[in-house]
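Asks: Mind having a look at this structure? Questions to follow.
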Amino acid sequence: MRGDTKPDVCVIGLGYIGLPTAAIIARANCPVTGIDVSQHVVDTINRGEIHIEEVDLDGLVRGVVQRGMLKASTQIVPADVFVIAVPTPFEKDGQHTPDVSYVMAAATEVAGVLKKGDCIILESTSPVGTTEQMRDLIAGLRPDLKLPGLTTDTPDVSIAYCPERVLPGKILEELTHNDRSIGGITPRCARKALAFYKRFVRGTCVTTDAKSAEMTKLVENAYRDVNIAFANELSIISDEMGLDVWEVIKLANRHPRVNILTPGPGVGGHCIAVDPWFIINGAPEHSPLIRTGREVNDAKMHHVVARAEKLIADNPGVPVACLGLAFKANIDDFRESPARFVASRLARKFGSQVSIVEPYAGELPIEFKDTGVELVDLDHALENCGILIVLVDHDVFKVVPSEERAQALVYDTRGIWPDASMEPRKEGLRLAS
């Protein structure tokens, strides 16, 4: 890449981060080929359509595909810049061990088409040291190339780590405007990646080393997890003491140096609920606070299940609606969702007495099969269910007026209806017909 020549870019992984990233890069007039293992995903994108829910993404993808700036494939292609945005889940070992096999598989594919002058950037949330591990893998596969940090000569390729820090529902905005931490294997690698990101990022791009950038991403999400754990623990204590946790937090936050976050039924998503374990796994003897935060947030899900079960058992025959399955408001992402966990537990115990309202789902997840539970719309739930369990604070739930839920018992885990009550009204509850 010399002067203002637009680099050819290959984005590997077209999920919740990879597809928006590919579209943003294409909008900056860099030709992009997106790679995914799913033929369905590839075909969908090549039609100018999307397979995930994200604000304004449909129009952006349609536009860059129509202009010929973005295409998708299941096969790796040569490029000037490779951006790896594949999943990093846990191993199935019960120890929350990070699984970087998808990253290494992507790096193996890249190694097959790598040429002198190319730049490889890992964006997947990863344990500290993964970028160097990826470099070492490529070095073994391509002994004809000099790789950064392994030679005293000028390396043939650049390798860097640059994690995303975006909020679902605002991904396009935040990919463009948020600051980025760019960690290179060497300072030269960081500068090469910096030049690339400056083509489409308006936020400040700060260069550092790869390990510091990897740790920064994990720290950001562990910080939020620990703070949410404090709020969730407060909510459990308040339940035991008969206090309104929302009122307590609202009053406490009037202190100029206090900012308690919002409790909920737990913590979900593939970031806050996952990333702290990467730190714990790397330093298990020195991370008791981070581990406790994870355990508190996981325990909150079971606390909510227990309270909901008691409410339902104390009101036999009353139809129940669980409001929401997503891990946060106004998205269709159900990964690691505490709402999904709670609702599925209730479905298995109470069967067809339970209905699910999730405006961002066309069908129920697999764990609801054979439970007798149905996916219904919000109006149906308000008209027919005497118990409403709020698990997600979707905007469409927030605007339900008090008179439409006046006859129902409400267990509000999100605090969206401060006037609601778990105590029965004098008029009585709706019973199953």
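Within each chain, counting starts at residue 1; across the structure tokens, chains are named A, B, ... in the order shown, with ligands numbered 1 upward in that order.
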If you take only C-alpha atoms and a cut-off of 8 Å, which residues of region 124-192 of chain A touch region 216-223 of chain A, and what are their nearest atom pairs and distances in Å to one decimal, in chain and number order, as a Markdown table?
Replies:
```
| residue | atom | partner | partner_atom | distance |
| --- | --- | --- | --- | --- |
| A:Thr125 | CA | A:Lys217 | CA | 6.9 |
| A:Ser126 | CA | A:Leu218 | CA | 8.0 |
| A:Pro127 | CA | A:Leu218 | CA | 8.0 |
| A:Pro163 | CA | A:Lys217 | CA | 6.3 |
| A:Arg165 | CA | A:Lys217 | CA | 7.7 |
```
Asks: Grab the residues selected above and save them as a CSV table (one decimal), in the first residue's frame with C-alpha atoms.
Replies:
```csv
chain,number,residue,atom,x,y,z
A,125,THR,CA,-11.3,-10.9,22.0
A,126,SER,CA,-8.4,-13.1,23.0
A,127,PRO,CA,-6.2,-14.2,26.0
A,163,PRO,CA,-10.1,-5.1,19.7
A,165,ARG,CA,-15.3,-1.9,21.8
```
Asks: Find the residues around Trp277 (chain A) up to 10 Å (only C-alpha atoms counted), leave out those fewer than 4 positions away in its own chain, and share them as a list in words.
Replies: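 Skipping anything fewer than 4 positions along the chain leaves Phe90, Gln95, His96, Thr97, Pro98, Pro127, Leu218, Ala222, Ile272, Ala273, Asn281, Gly282, Ala283, Pro284, Ser287, Ile290, Arg291 and Arg294 of chain A.
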Asks: Env of Thr21 (chain A): 10 Å cut, atoms = only C-alpha atoms, seq-sep filter 6 positions within chain, self excluded. Answer as an NGL selection string.
Replies: :A and (11 or 14-15 or 27 or 34 or 83 or 85 or 164 or 171-172 or 175-176 or 200)
Asks: Which residues are close to Trp246 (chain A), i.e. within 9 Å by only C-alpha atoms, leaving aside same-chain residues fewer than 2 positions away? Reply as a PyMOL selection string.
Replies: chain A and resi 235+243-244+248-251+262-263+415+418
Asks: Could you take the residues named above and write them with N, CA, C and O atoms, as a short mmCIF file (atom, residue, chain, number, x, y, z; two decimals), in the first residue's frame?
Replies:
```cif
data_model
loop_
_atom_site.label_atom_id
_atom_site.label_comp_id
_atom_site.auth_asym_id
_atom_site.auth_seq_id
_atom_site.Cartn_x
_atom_site.Cartn_y
_atom_site.Cartn_z
N SER A 235 -29.14 -6.01 44.77
CA SER A 235 -30.54 -6.35 44.50
C SER A 235 -30.96 -7.59 45.28
O SER A 235 -32.09 -7.67 45.77
N LEU A 243 -36.51 -4.30 50.53
CA LEU A 243 -36.24 -2.95 50.04
C LEU A 243 -36.40 -2.87 48.52
O LEU A 243 -36.25 -3.88 47.82
N ASP A 244 -36.65 -1.68 48.03
CA ASP A 244 -36.70 -1.42 46.59
C ASP A 244 -35.30 -1.04 46.13
O ASP A 244 -34.82 0.07 46.39
N VAL A 248 -33.02 2.55 46.22
CA VAL A 248 -31.74 2.65 46.93
C VAL A 248 -30.64 3.13 46.00
O VAL A 248 -29.86 4.04 46.33
N ILE A 249 -30.56 2.56 44.80
CA ILE A 249 -29.51 2.94 43.85
C ILE A 249 -29.71 4.37 43.38
O ILE A 249 -28.75 5.16 43.28
N LYS A 250 -30.97 4.74 43.11
CA LYS A 250 -31.24 6.11 42.66
C LYS A 250 -30.77 7.12 43.70
O LYS A 250 -30.14 8.14 43.35
N LEU A 251 -31.05 6.86 44.96
CA LEU A 251 -30.64 7.78 46.02
C LEU A 251 -29.13 7.78 46.21
O LEU A 251 -28.50 8.83 46.38
N THR A 262 -26.86 -0.67 36.82
CA THR A 262 -28.21 -1.19 36.93
C THR A 262 -28.19 -2.71 37.10
O THR A 262 -27.57 -3.40 36.30
N PRO A 263 -28.87 -3.25 38.10
CA PRO A 263 -28.95 -4.71 38.23
C PRO A 263 -29.86 -5.30 37.18
O PRO A 263 -30.61 -4.59 36.49
N GLY A 415 -36.33 -3.11 36.32
CA GLY A 415 -36.70 -1.82 36.87
C GLY A 415 -37.33 -0.87 35.88
O GLY A 415 -37.22 0.35 36.03
N PRO A 418 -41.52 1.07 37.60
CA PRO A 418 -41.35 1.32 39.04
C PRO A 418 -42.65 1.26 39.83
O PRO A 418 -42.63 1.11 41.05
#
```
Asks: Could you tell me which of A:Val128, A:Cys271, A:Leu194, A:Val296 comes closest to Ala213 (chain A) if we count only C-alpha atoms?
Replies: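 The answer is A:Val128, which sits nearest to Ala213 (chain A).
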Asks: For Phe82 (chain A), please output as an MDAnalysis selection string all residues within 6 Å (counting only C-alpha atoms; exclusion window: fewer than 6 positions along the same chain).
Replies: chainID A and resid 9:11 120
Asks: Set the distance at 9 Å and use only C-alpha atoms: which residues neighbour Gly59 (chain A) once local chain neighbours fewer than 3 positions away are removed? I'd like the list as a VMD selection string.
Replies: chain A and resid 48 to 49 56 62 to 64
Asks: Any chance you can output those residues with C-alpha atoms as a short mmCIF file (atom, residue, chain, number, x, y, z; two decimals), in the first residue's frame?
Replies:
```
data_model
loop_
_atom_site.label_atom_id
_atom_site.label_comp_id
_atom_site.auth_asym_id
_atom_site.auth_seq_id
_atom_site.Cartn_x
_atom_site.Cartn_y
_atom_site.Cartn_z
CA GLY A 48 -27.20 -7.38 -0.30
CA GLU A 49 -29.05 -8.68 2.76
CA ASP A 56 -28.82 0.71 9.89
CA ARG A 62 -27.04 -3.28 0.55
CA GLY A 63 -25.27 -0.14 -0.65
CA VAL A 64 -21.68 -1.42 -0.53
#
```
Asks: Fewer than 3 positions away in the same chain doesn't count, so skip those; otherwise give me all residues within 7 Å of region 350-359 of chain A, counting only C-alpha atoms, as a PyMOL selection string.
Replies: chain A and resi 319-325+346-347+371-378
Asks: Take the selection from the previous step and output its residues with N, CA and C atoms, as an mmCIF file, in the first residue's frame.
Replies:
```cif
data_model
loop_
_atom_site.group_PDB
_atom_site.id
_atom_site.type_symbol
_atom_site.label_atom_id
_atom_site.label_comp_id
_atom_site.auth_asym_id
_atom_site.auth_seq_id
_atom_site.Cartn_x
_atom_site.Cartn_y
_atom_site.Cartn_z
ATOM 1 N N PRO A 319 -51.710 -17.771 34.018
ATOM 2 C CA PRO A 319 -50.813 -17.746 32.871
ATOM 3 C C PRO A 319 -49.662 -16.754 33.089
ATOM 4 N N VAL A 320 -48.481 -17.144 32.626
ATOM 5 C CA VAL A 320 -47.250 -16.383 32.857
ATOM 6 C C VAL A 320 -46.655 -15.958 31.519
ATOM 7 N N ALA A 321 -46.187 -14.722 31.443
ATOM 8 C CA ALA A 321 -45.450 -14.258 30.267
ATOM 9 C C ALA A 321 -44.066 -13.811 30.693
ATOM 10 N N CYS A 322 -43.044 -14.408 30.074
ATOM 11 C CA CYS A 322 -41.658 -13.951 30.258
ATOM 12 C C CYS A 322 -41.344 -12.962 29.146
ATOM 13 N N LEU A 323 -40.980 -11.759 29.519
ATOM 14 C CA LEU A 323 -40.764 -10.698 28.537
ATOM 15 C C LEU A 323 -39.287 -10.574 28.222
ATOM 16 N N GLY A 324 -38.891 -11.122 27.070
ATOM 17 C CA GLY A 324 -37.529 -10.976 26.575
ATOM 18 C C GLY A 324 -36.680 -12.218 26.711
ATOM 19 N N LEU A 325 -35.828 -12.434 25.695
ATOM 20 C CA LEU A 325 -34.833 -13.508 25.706
ATOM 21 C C LEU A 325 -33.434 -13.009 25.383
ATOM 22 N N LEU A 346 -38.000 -21.844 33.619
ATOM 23 C CA LEU A 346 -39.425 -21.759 33.942
ATOM 24 C C LEU A 346 -40.257 -22.588 32.966
ATOM 25 N N ALA A 347 -39.848 -22.601 31.709
ATOM 26 C CA ALA A 347 -40.574 -23.375 30.703
ATOM 27 C C ALA A 347 -40.525 -24.863 31.012
ATOM 28 N N THR A 371 -41.658 -28.184 25.310
ATOM 29 C CA THR A 371 -42.076 -27.699 26.633
ATOM 30 C C THR A 371 -43.538 -27.267 26.639
ATOM 31 N N GLY A 372 -44.117 -27.079 25.461
ATOM 32 C CA GLY A 372 -45.478 -26.568 25.381
ATOM 33 C C GLY A 372 -45.547 -25.054 25.419
ATOM 34 N N VAL A 373 -44.397 -24.408 25.559
ATOM 35 C CA VAL A 373 -44.339 -22.943 25.630
ATOM 36 C C VAL A 373 -44.481 -22.358 24.226
ATOM 37 N N GLU A 374 -45.198 -21.234 24.123
ATOM 38 C CA GLU A 374 -45.394 -20.582 22.831
ATOM 39 C C GLU A 374 -44.775 -19.188 22.823
ATOM 40 N N LEU A 375 -44.339 -18.782 21.639
ATOM 41 C CA LEU A 375 -43.895 -17.404 21.406
ATOM 42 C C LEU A 375 -45.120 -16.581 21.034
ATOM 43 N N VAL A 376 -45.415 -15.550 21.828
ATOM 44 C CA VAL A 376 -46.607 -14.728 21.598
ATOM 45 C C VAL A 376 -46.201 -13.268 21.499
ATOM 46 N N ASP A 377 -47.111 -12.444 20.980
ATOM 47 C CA ASP A 377 -46.803 -11.019 20.920
ATOM 48 C C ASP A 377 -47.164 -10.343 22.244
ATOM 49 N N LEU A 378 -46.722 -9.123 22.398
ATOM 50 C CA LEU A 378 -46.893 -8.407 23.655
ATOM 51 C C LEU A 378 -48.364 -8.171 23.972
#
```
Asks: How many Å separate CA of Pro168 (chain A) from CA of Asn259 (chain A)?
Replies: 22.2 Å
